[in-house]
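Peer 1: Before anything else, here's the structure in question.
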Amino acid sequence: MLIETPTIRPGTTPQAADPSATPARRRHDDAPDTMALFGRLAGLPDGPERDAVRDELVTAWLPMAHRIAGRFRDRGESLEDLRQVAALGLVKAIDRFDPERGAFESYAVPTITGEVKRHFRDRMWALRVPRRVQELRNKVRVARRELAQSPGSPEPSVAALAAHTGLTEEEVGAGMEALESFSTLSLDAELSAGDDGYSLADTLGVADASYDTVIDRESAKEGLRRLPERERAILYMRFFEDMTQSRIADCLGISQMHVSRLISRSCARVRDEAMGERTARPGHAVRTR
């Protein structure tokens, strides 16, 4: 049977340790007095008893987590999902809390709030952008609000925002572009109100296979120039004059097998040189067939 005995910590006064003393004033009605439970939790090893105390703390503080989640309602996320995120933050706060550092509420509120904000930052962007750009967006948004507080103030320029935030104009530009990343425009959205209206998808280009052909030809030019004259002639007769291998062999006075070997060797050489040139170009993707 577990028996709790009051203890007086070093540096505390008897009044502070006296259970009959006036408890510290709590800021909210959903902030219960659970210091005794946290004291038990800190002294228990992993096991069923510790899990039971932990669950009791979660149940006691869950209303506060739901209240914090309610602050973020009407931002594009369901309240139920926000409550689940806040509950996760509560569990993290309980696991990390040190009873000797003060009131749990002071530690739990920023922990839970941060968890909810991370949820919006990491999952609620319509376009996935790097965290650095998200931070730039927040700085630019706050700076625009601060610079436009005075009535009649014009829209702050990029230079003004850069001076106010200490960022470069390029960073401000990246942050301003990210301001619209919470929402997207459908490809089916009409861009014209007339009878001949067209959608955003109609304005997008498509991949043209002819570009690949041009790239292949340009890549092969140098390799073809470096081939021996007879091999260039064989390739020209085979691929440009559409001559059969047996006819090429008759024209050159060699065997058809020899023609076949020369064509294979020449094509392999040109291909290897073309692919090597592409690999040497920085940022150039290598295509394989």
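Simple scheme: letters A, B, ... for chains in structure tokens order, numbers from 1 for residues in each chain, numbers from 1 for ligands in the order shown.
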Just the residues within 8 Å of stretch 238-246 of chain A, please, counting only C-alpha atoms, with nothing from its chain fewer than 6 positions along; format it as a PyMOL selection string.

Peer 2: chain A and resi 255-256+259-260

Peer 1: Please produce a file of the residues just selected, as a tab-separated table (two decimals), in the first residue's frame, where the atoms kept are N, CA, C and O atoms.

Peer 2:
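Saved the output as selection.tsv:
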```
chain	number	residue	atom	x	y	z
A	255	SER	N	31.86	-7.39	-95.65
A	255	SER	CA	30.77	-8.28	-95.30
A	255	SER	C	29.67	-7.54	-94.53
A	255	SER	O	29.90	-6.50	-93.90
A	256	GLN	N	28.47	-8.11	-94.59
A	256	GLN	CA	27.35	-7.52	-93.85
A	256	GLN	C	27.61	-7.58	-92.34
A	256	GLN	O	27.25	-6.66	-91.61
A	259	VAL	N	29.72	-4.68	-91.42
A	259	VAL	CA	28.91	-3.45	-91.39
A	259	VAL	C	28.13	-3.37	-90.09
A	259	VAL	O	28.05	-2.31	-89.44
A	260	SER	N	27.54	-4.49	-89.68
A	260	SER	CA	26.76	-4.51	-88.44
A	260	SER	C	27.63	-4.15	-87.24
A	260	SER	O	27.23	-3.37	-86.36
```

Peer 1: Please list as a tab-separated table (two decimals) with all heavy atoms, in the first residue's frame every residue within 10 Å of stretch 63-77 of chain A, counting only C-alpha atoms and excluding residues in the same chain fewer than 5 positions away.

Peer 2:
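Result file is selection12.tsv:
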```
chain	number	residue	atom	x	y	z
A	28	HIS	N	-6.86	30.10	-14.10
A	28	HIS	CA	-8.05	29.64	-14.78
A	28	HIS	C	-8.74	28.55	-13.96
A	28	HIS	O	-8.10	27.83	-13.19
A	28	HIS	CB	-7.72	29.10	-16.17
A	28	HIS	CG	-7.05	30.10	-17.06
A	28	HIS	ND1	-5.69	30.16	-17.22
A	28	HIS	CD2	-7.58	31.10	-17.82
A	28	HIS	CE1	-5.39	31.14	-18.06
A	28	HIS	NE2	-6.50	31.73	-18.43
A	29	ASP	N	-10.05	28.42	-14.19
A	29	ASP	CA	-10.80	27.39	-13.47
A	29	ASP	C	-10.40	25.99	-13.90
A	29	ASP	O	-10.62	25.03	-13.16
A	29	ASP	CB	-12.30	27.60	-13.71
A	29	ASP	CG	-12.81	28.89	-13.09
A	29	ASP	OD1	-12.16	29.38	-12.14
A	29	ASP	OD2	-13.85	29.41	-13.55
A	30	ASP	N	-9.86	25.86	-15.13
A	30	ASP	CA	-9.47	24.53	-15.60
A	30	ASP	C	-8.02	24.22	-15.28
A	30	ASP	O	-7.41	23.36	-15.91
A	30	ASP	CB	-9.73	24.41	-17.11
A	30	ASP	CG	-9.07	25.52	-17.92
A	30	ASP	OD1	-8.18	26.20	-17.37
A	30	ASP	OD2	-9.43	25.71	-19.09
A	31	ALA	N	-7.45	24.91	-14.30
A	31	ALA	CA	-6.08	24.62	-13.85
A	31	ALA	C	-6.16	23.99	-12.46
A	31	ALA	O	-6.12	24.69	-11.45
A	31	ALA	CB	-5.25	25.90	-13.82
A	32	PRO	N	-6.30	22.68	-12.37
A	32	PRO	CA	-6.47	22.02	-11.07
A	32	PRO	C	-5.16	21.98	-10.28
A	32	PRO	O	-4.08	22.15	-10.83
A	32	PRO	CB	-6.93	20.61	-11.46
A	32	PRO	CG	-6.31	20.38	-12.80
A	32	PRO	CD	-6.32	21.72	-13.49
A	58	VAL	N	-3.48	13.67	-17.19
A	58	VAL	CA	-3.99	14.05	-18.51
A	58	VAL	C	-5.47	14.38	-18.43
A	58	VAL	O	-5.94	15.39	-18.98
A	58	VAL	CB	-3.73	12.93	-19.54
A	58	VAL	CG1	-4.45	13.23	-20.85
A	58	VAL	CG2	-2.24	12.78	-19.79
A	82	LEU	N	-7.89	19.99	-33.77
A	82	LEU	CA	-7.08	20.89	-32.94
A	82	LEU	C	-7.02	20.39	-31.49
A	82	LEU	O	-5.98	20.50	-30.84
A	82	LEU	CB	-7.67	22.30	-32.97
A	82	LEU	CG	-7.58	23.04	-34.31
A	82	LEU	CD1	-8.28	24.39	-34.22
A	82	LEU	CD2	-6.12	23.23	-34.71
A	83	ARG	N	-8.11	19.84	-31.00
A	83	ARG	CA	-8.11	19.31	-29.64
A	83	ARG	C	-7.18	18.11	-29.52
A	83	ARG	O	-6.52	17.94	-28.50
A	83	ARG	CB	-9.53	18.93	-29.24
A	83	ARG	CG	-10.42	20.14	-28.92
A	83	ARG	CD	-11.80	19.71	-28.46
A	83	ARG	NE	-12.56	20.85	-27.95
A	83	ARG	CZ	-13.80	20.76	-27.46
A	83	ARG	NH1	-14.40	19.57	-27.43
A	83	ARG	NH2	-14.42	21.83	-27.03
A	84	GLN	N	-7.12	17.30	-30.56
A	84	GLN	CA	-6.20	16.16	-30.53
A	84	GLN	C	-4.74	16.63	-30.51
A	84	GLN	O	-3.91	16.06	-29.81
A	84	GLN	CB	-6.46	15.26	-31.74
A	84	GLN	CG	-7.79	14.53	-31.69
A	84	GLN	CD	-7.98	13.60	-32.87
A	84	GLN	OE1	-7.05	13.34	-33.62
A	84	GLN	NE2	-9.19	13.09	-33.04
A	85	VAL	N	-4.45	17.66	-31.30
A	85	VAL	CA	-3.09	18.21	-31.31
A	85	VAL	C	-2.75	18.80	-29.95
A	85	VAL	O	-1.65	18.61	-29.42
A	85	VAL	CB	-2.95	19.26	-32.42
A	85	VAL	CG1	-1.59	19.94	-32.35
A	85	VAL	CG2	-3.16	18.64	-33.79
A	86	ALA	N	-3.71	19.53	-29.36
A	86	ALA	CA	-3.48	20.12	-28.03
A	86	ALA	C	-3.29	19.03	-26.98
A	86	ALA	O	-2.46	19.17	-26.07
A	86	ALA	CB	-4.65	21.03	-27.67
A	87	ALA	N	-4.04	17.94	-27.09
A	87	ALA	CA	-3.88	16.83	-26.14
A	87	ALA	C	-2.49	16.22	-26.26
A	87	ALA	O	-1.87	15.84	-25.25
A	87	ALA	CB	-4.95	15.78	-26.39
A	88	LEU	N	-1.99	16.13	-27.47
A	88	LEU	CA	-0.63	15.62	-27.66
A	88	LEU	C	0.38	16.55	-26.99
A	88	LEU	O	1.34	16.10	-26.34
A	88	LEU	CB	-0.32	15.50	-29.15
A	88	LEU	CG	1.10	15.08	-29.52
A	88	LEU	CD1	1.42	13.71	-28.97
A	88	LEU	CD2	1.29	15.10	-31.04
A	89	GLY	N	0.18	17.85	-27.15
A	89	GLY	CA	1.05	18.81	-26.47
A	89	GLY	C	0.97	18.69	-24.96
A	89	GLY	O	1.97	18.84	-24.25
A	90	LEU	N	-0.23	18.41	-24.44
A	90	LEU	CA	-0.41	18.23	-23.00
A	90	LEU	C	0.39	17.03	-22.50
A	90	LEU	O	1.05	17.09	-21.47
A	90	LEU	CB	-1.89	18.05	-22.68
A	90	LEU	CG	-2.23	17.65	-21.25
A	90	LEU	CD1	-1.78	18.72	-20.26
A	90	LEU	CD2	-3.74	17.38	-21.12
A	91	VAL	N	0.32	15.92	-23.23
A	91	VAL	CA	1.07	14.72	-22.83
A	91	VAL	C	2.57	15.02	-22.82
A	91	VAL	O	3.29	14.60	-21.89
A	91	VAL	CB	0.75	13.56	-23.79
A	91	VAL	CG1	1.66	12.37	-23.51
A	91	VAL	CG2	-0.72	13.16	-23.67
A	105	GLU	N	0.94	24.91	-14.94
A	105	GLU	CA	0.24	25.72	-15.94
A	105	GLU	C	1.20	26.64	-16.69
A	105	GLU	O	1.10	26.82	-17.91
A	105	GLU	CB	-0.86	26.55	-15.28
A	105	GLU	CG	-1.68	27.36	-16.26
A	105	GLU	CD	-2.74	28.20	-15.57
A	105	GLU	OE1	-2.73	28.24	-14.32
A	105	GLU	OE2	-3.55	28.82	-16.27
A	108	ALA	N	2.89	24.34	-19.15
A	108	ALA	CA	2.04	23.62	-20.09
A	108	ALA	C	1.45	24.54	-21.16
A	108	ALA	O	1.34	24.14	-22.32
A	108	ALA	CB	0.91	22.91	-19.34
A	109	VAL	N	1.06	25.75	-20.78
A	109	VAL	CA	0.39	26.64	-21.74
A	109	VAL	C	1.26	26.91	-22.96
A	109	VAL	O	0.83	26.73	-24.10
A	109	VAL	CB	-0.06	27.94	-21.05
A	109	VAL	CG1	-0.52	28.96	-22.09
A	109	VAL	CG2	-1.19	27.66	-20.07
A	110	PRO	N	2.53	27.37	-22.79
A	110	PRO	CA	3.35	27.59	-24.00
A	110	PRO	C	3.68	26.30	-24.74
A	110	PRO	O	3.82	26.31	-25.96
A	110	PRO	CB	4.61	28.26	-23.45
A	110	PRO	CG	4.65	27.94	-22.00
A	110	PRO	CD	3.22	27.83	-21.57
A	112	ILE	N	1.71	23.57	-25.07
A	112	ILE	CA	0.53	23.18	-25.85
A	112	ILE	C	0.30	24.16	-27.00
A	112	ILE	O	0.01	23.76	-28.14
A	112	ILE	CB	-0.71	23.11	-24.94
A	112	ILE	CG1	-0.51	22.02	-23.87
A	112	ILE	CG2	-1.97	22.84	-25.75
A	112	ILE	CD1	-1.59	22.01	-22.81
A	113	THR	N	0.44	25.46	-26.71
A	113	THR	CA	0.26	26.46	-27.76
A	113	THR	C	1.27	26.27	-28.88
A	113	THR	O	0.94	26.36	-30.06
A	113	THR	CB	0.40	27.87	-27.16
A	113	THR	OG1	-0.55	28.04	-26.10
A	113	THR	CG2	0.15	28.93	-28.23
A	115	GLU	N	2.67	23.48	-29.76
A	115	GLU	CA	2.32	22.28	-30.52
A	115	GLU	C	1.23	22.58	-31.54
A	115	GLU	O	1.29	22.11	-32.69
A	115	GLU	CB	1.85	21.18	-29.55
A	115	GLU	CG	1.72	19.81	-30.18
A	115	GLU	CD	3.06	19.18	-30.50
A	115	GLU	OE1	4.07	19.56	-29.87
A	115	GLU	OE2	3.09	18.30	-31.39
A	116	VAL	N	0.24	23.37	-31.16
A	116	VAL	CA	-0.84	23.73	-32.09
A	116	VAL	C	-0.29	24.60	-33.22
A	116	VAL	O	-0.63	24.42	-34.40
A	116	VAL	CB	-1.98	24.43	-31.35
A	116	VAL	CG1	-3.06	24.87	-32.34
A	116	VAL	CG2	-2.59	23.51	-30.30
A	117	LYS	N	0.57	25.55	-32.88
A	117	LYS	CA	1.14	26.42	-33.91
A	117	LYS	C	2.01	25.63	-34.87
A	117	LYS	O	2.03	25.91	-36.08
A	117	LYS	CB	1.96	27.54	-33.26
A	117	LYS	CG	1.11	28.59	-32.56
A	117	LYS	CD	1.97	29.70	-31.99
A	117	LYS	CE	1.11	30.79	-31.37
A	117	LYS	NZ	1.95	31.88	-30.81
A	119	HIS	N	1.49	22.62	-35.70
A	119	HIS	CA	0.54	21.89	-36.55
A	119	HIS	C	0.13	22.77	-37.75
A	119	HIS	O	0.11	22.29	-38.88
A	119	HIS	CB	-0.68	21.50	-35.74
A	119	HIS	CG	-1.78	20.89	-36.54
A	119	HIS	ND1	-1.74	19.60	-37.00
A	119	HIS	CD2	-2.95	21.42	-37.00
A	119	HIS	CE1	-2.84	19.33	-37.68
A	119	HIS	NE2	-3.59	20.42	-37.70
A	120	PHE	N	-0.18	24.02	-37.48
A	120	PHE	CA	-0.55	24.92	-38.57
A	120	PHE	C	0.65	25.17	-39.49
A	120	PHE	O	0.51	25.22	-40.71
A	120	PHE	CB	-1.06	26.25	-38.01
A	120	PHE	CG	-2.50	26.21	-37.59
A	120	PHE	CD1	-2.84	26.01	-36.27
A	120	PHE	CD2	-3.51	26.36	-38.52
A	120	PHE	CE1	-4.18	25.97	-35.87
A	120	PHE	CE2	-4.84	26.32	-38.13
A	120	PHE	CZ	-5.17	26.13	-36.81
A	124	MET	N	-0.77	22.85	-42.50
A	124	MET	CA	-1.89	23.61	-43.03
A	124	MET	C	-1.50	24.50	-44.20
A	124	MET	O	-2.27	25.33	-44.63
A	124	MET	CB	-2.51	24.47	-41.91
A	124	MET	CG	-3.17	23.65	-40.83
A	124	MET	SD	-4.48	22.58	-41.47
A	124	MET	CE	-5.64	23.80	-42.02
A	182	PHE	N	-1.00	29.82	-48.06
A	182	PHE	CA	-2.02	29.09	-47.33
A	182	PHE	C	-3.20	28.73	-48.23
A	182	PHE	O	-4.03	27.91	-47.87
A	182	PHE	CB	-2.55	29.93	-46.15
A	182	PHE	CG	-1.74	29.73	-44.90
A	182	PHE	CD1	-1.08	30.80	-44.32
A	182	PHE	CD2	-1.63	28.50	-44.31
A	182	PHE	CE1	-0.33	30.63	-43.17
A	182	PHE	CE2	-0.88	28.32	-43.15
A	182	PHE	CZ	-0.24	29.39	-42.59
```

Peer 1: Might you pull out every residue within 12 Å of A:Glu56, with only C-alpha atoms counted and same-chain residues fewer than 6 positions away left off, and present them as number ranges by chain?

Peer 2: A: 32, 34, 36-38, 40-41, 49-50, 62, 91, 94

Peer 1: To one decimal place in Å, what is the distance between atom CA of A:Glu229 and atom CA of A:Val214?

Peer 2: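 Taking atom CA of A:Glu229 and atom CA of A:Val214, their separation equals 23.9 Å.
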
Peer 1: Can you work out the spacing between atom CA of A:Ala143 and atom CA of A:His164 in Å, to one decimal?

Peer 2: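 So the answer is 6.7 Å.
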
Peer 1: Quick one: everything within 10 Å of A:Leu136, counting only C-alpha atoms, minus sequence neighbours fewer than 2 positions away in the same chain. Send it as a list in words.

Peer 2: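 Everything that qualifies: Arg131, Arg132, Val133, Gln134, Asn138, Lys139, Val140, Arg141, Thr165, Leu167, Glu171, Val172, Gly173, Ala174, Gly175, Met176, Glu177, Ala178 and Leu179 of chain A.
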
Peer 1: Apply DSSP to the structure's backbone, then extract all residues of stretch 188-264 of chain A labelled alpha helix (DSSP H) and return them as a ChimeraX atom specification.

Peer 2: /A:209-225,229-239,245-252,256-264

Peer 1: I'd like the neighbourhood of A:Arg144 as an MDAnalysis selection string, where a residue qualifies if any of its atoms comes within 8 Å (using only C-alpha atoms), though same-chain residues fewer than 2 positions away should be ignored.

Peer 2: chainID A and resid 140:142 146:148 155:156 161
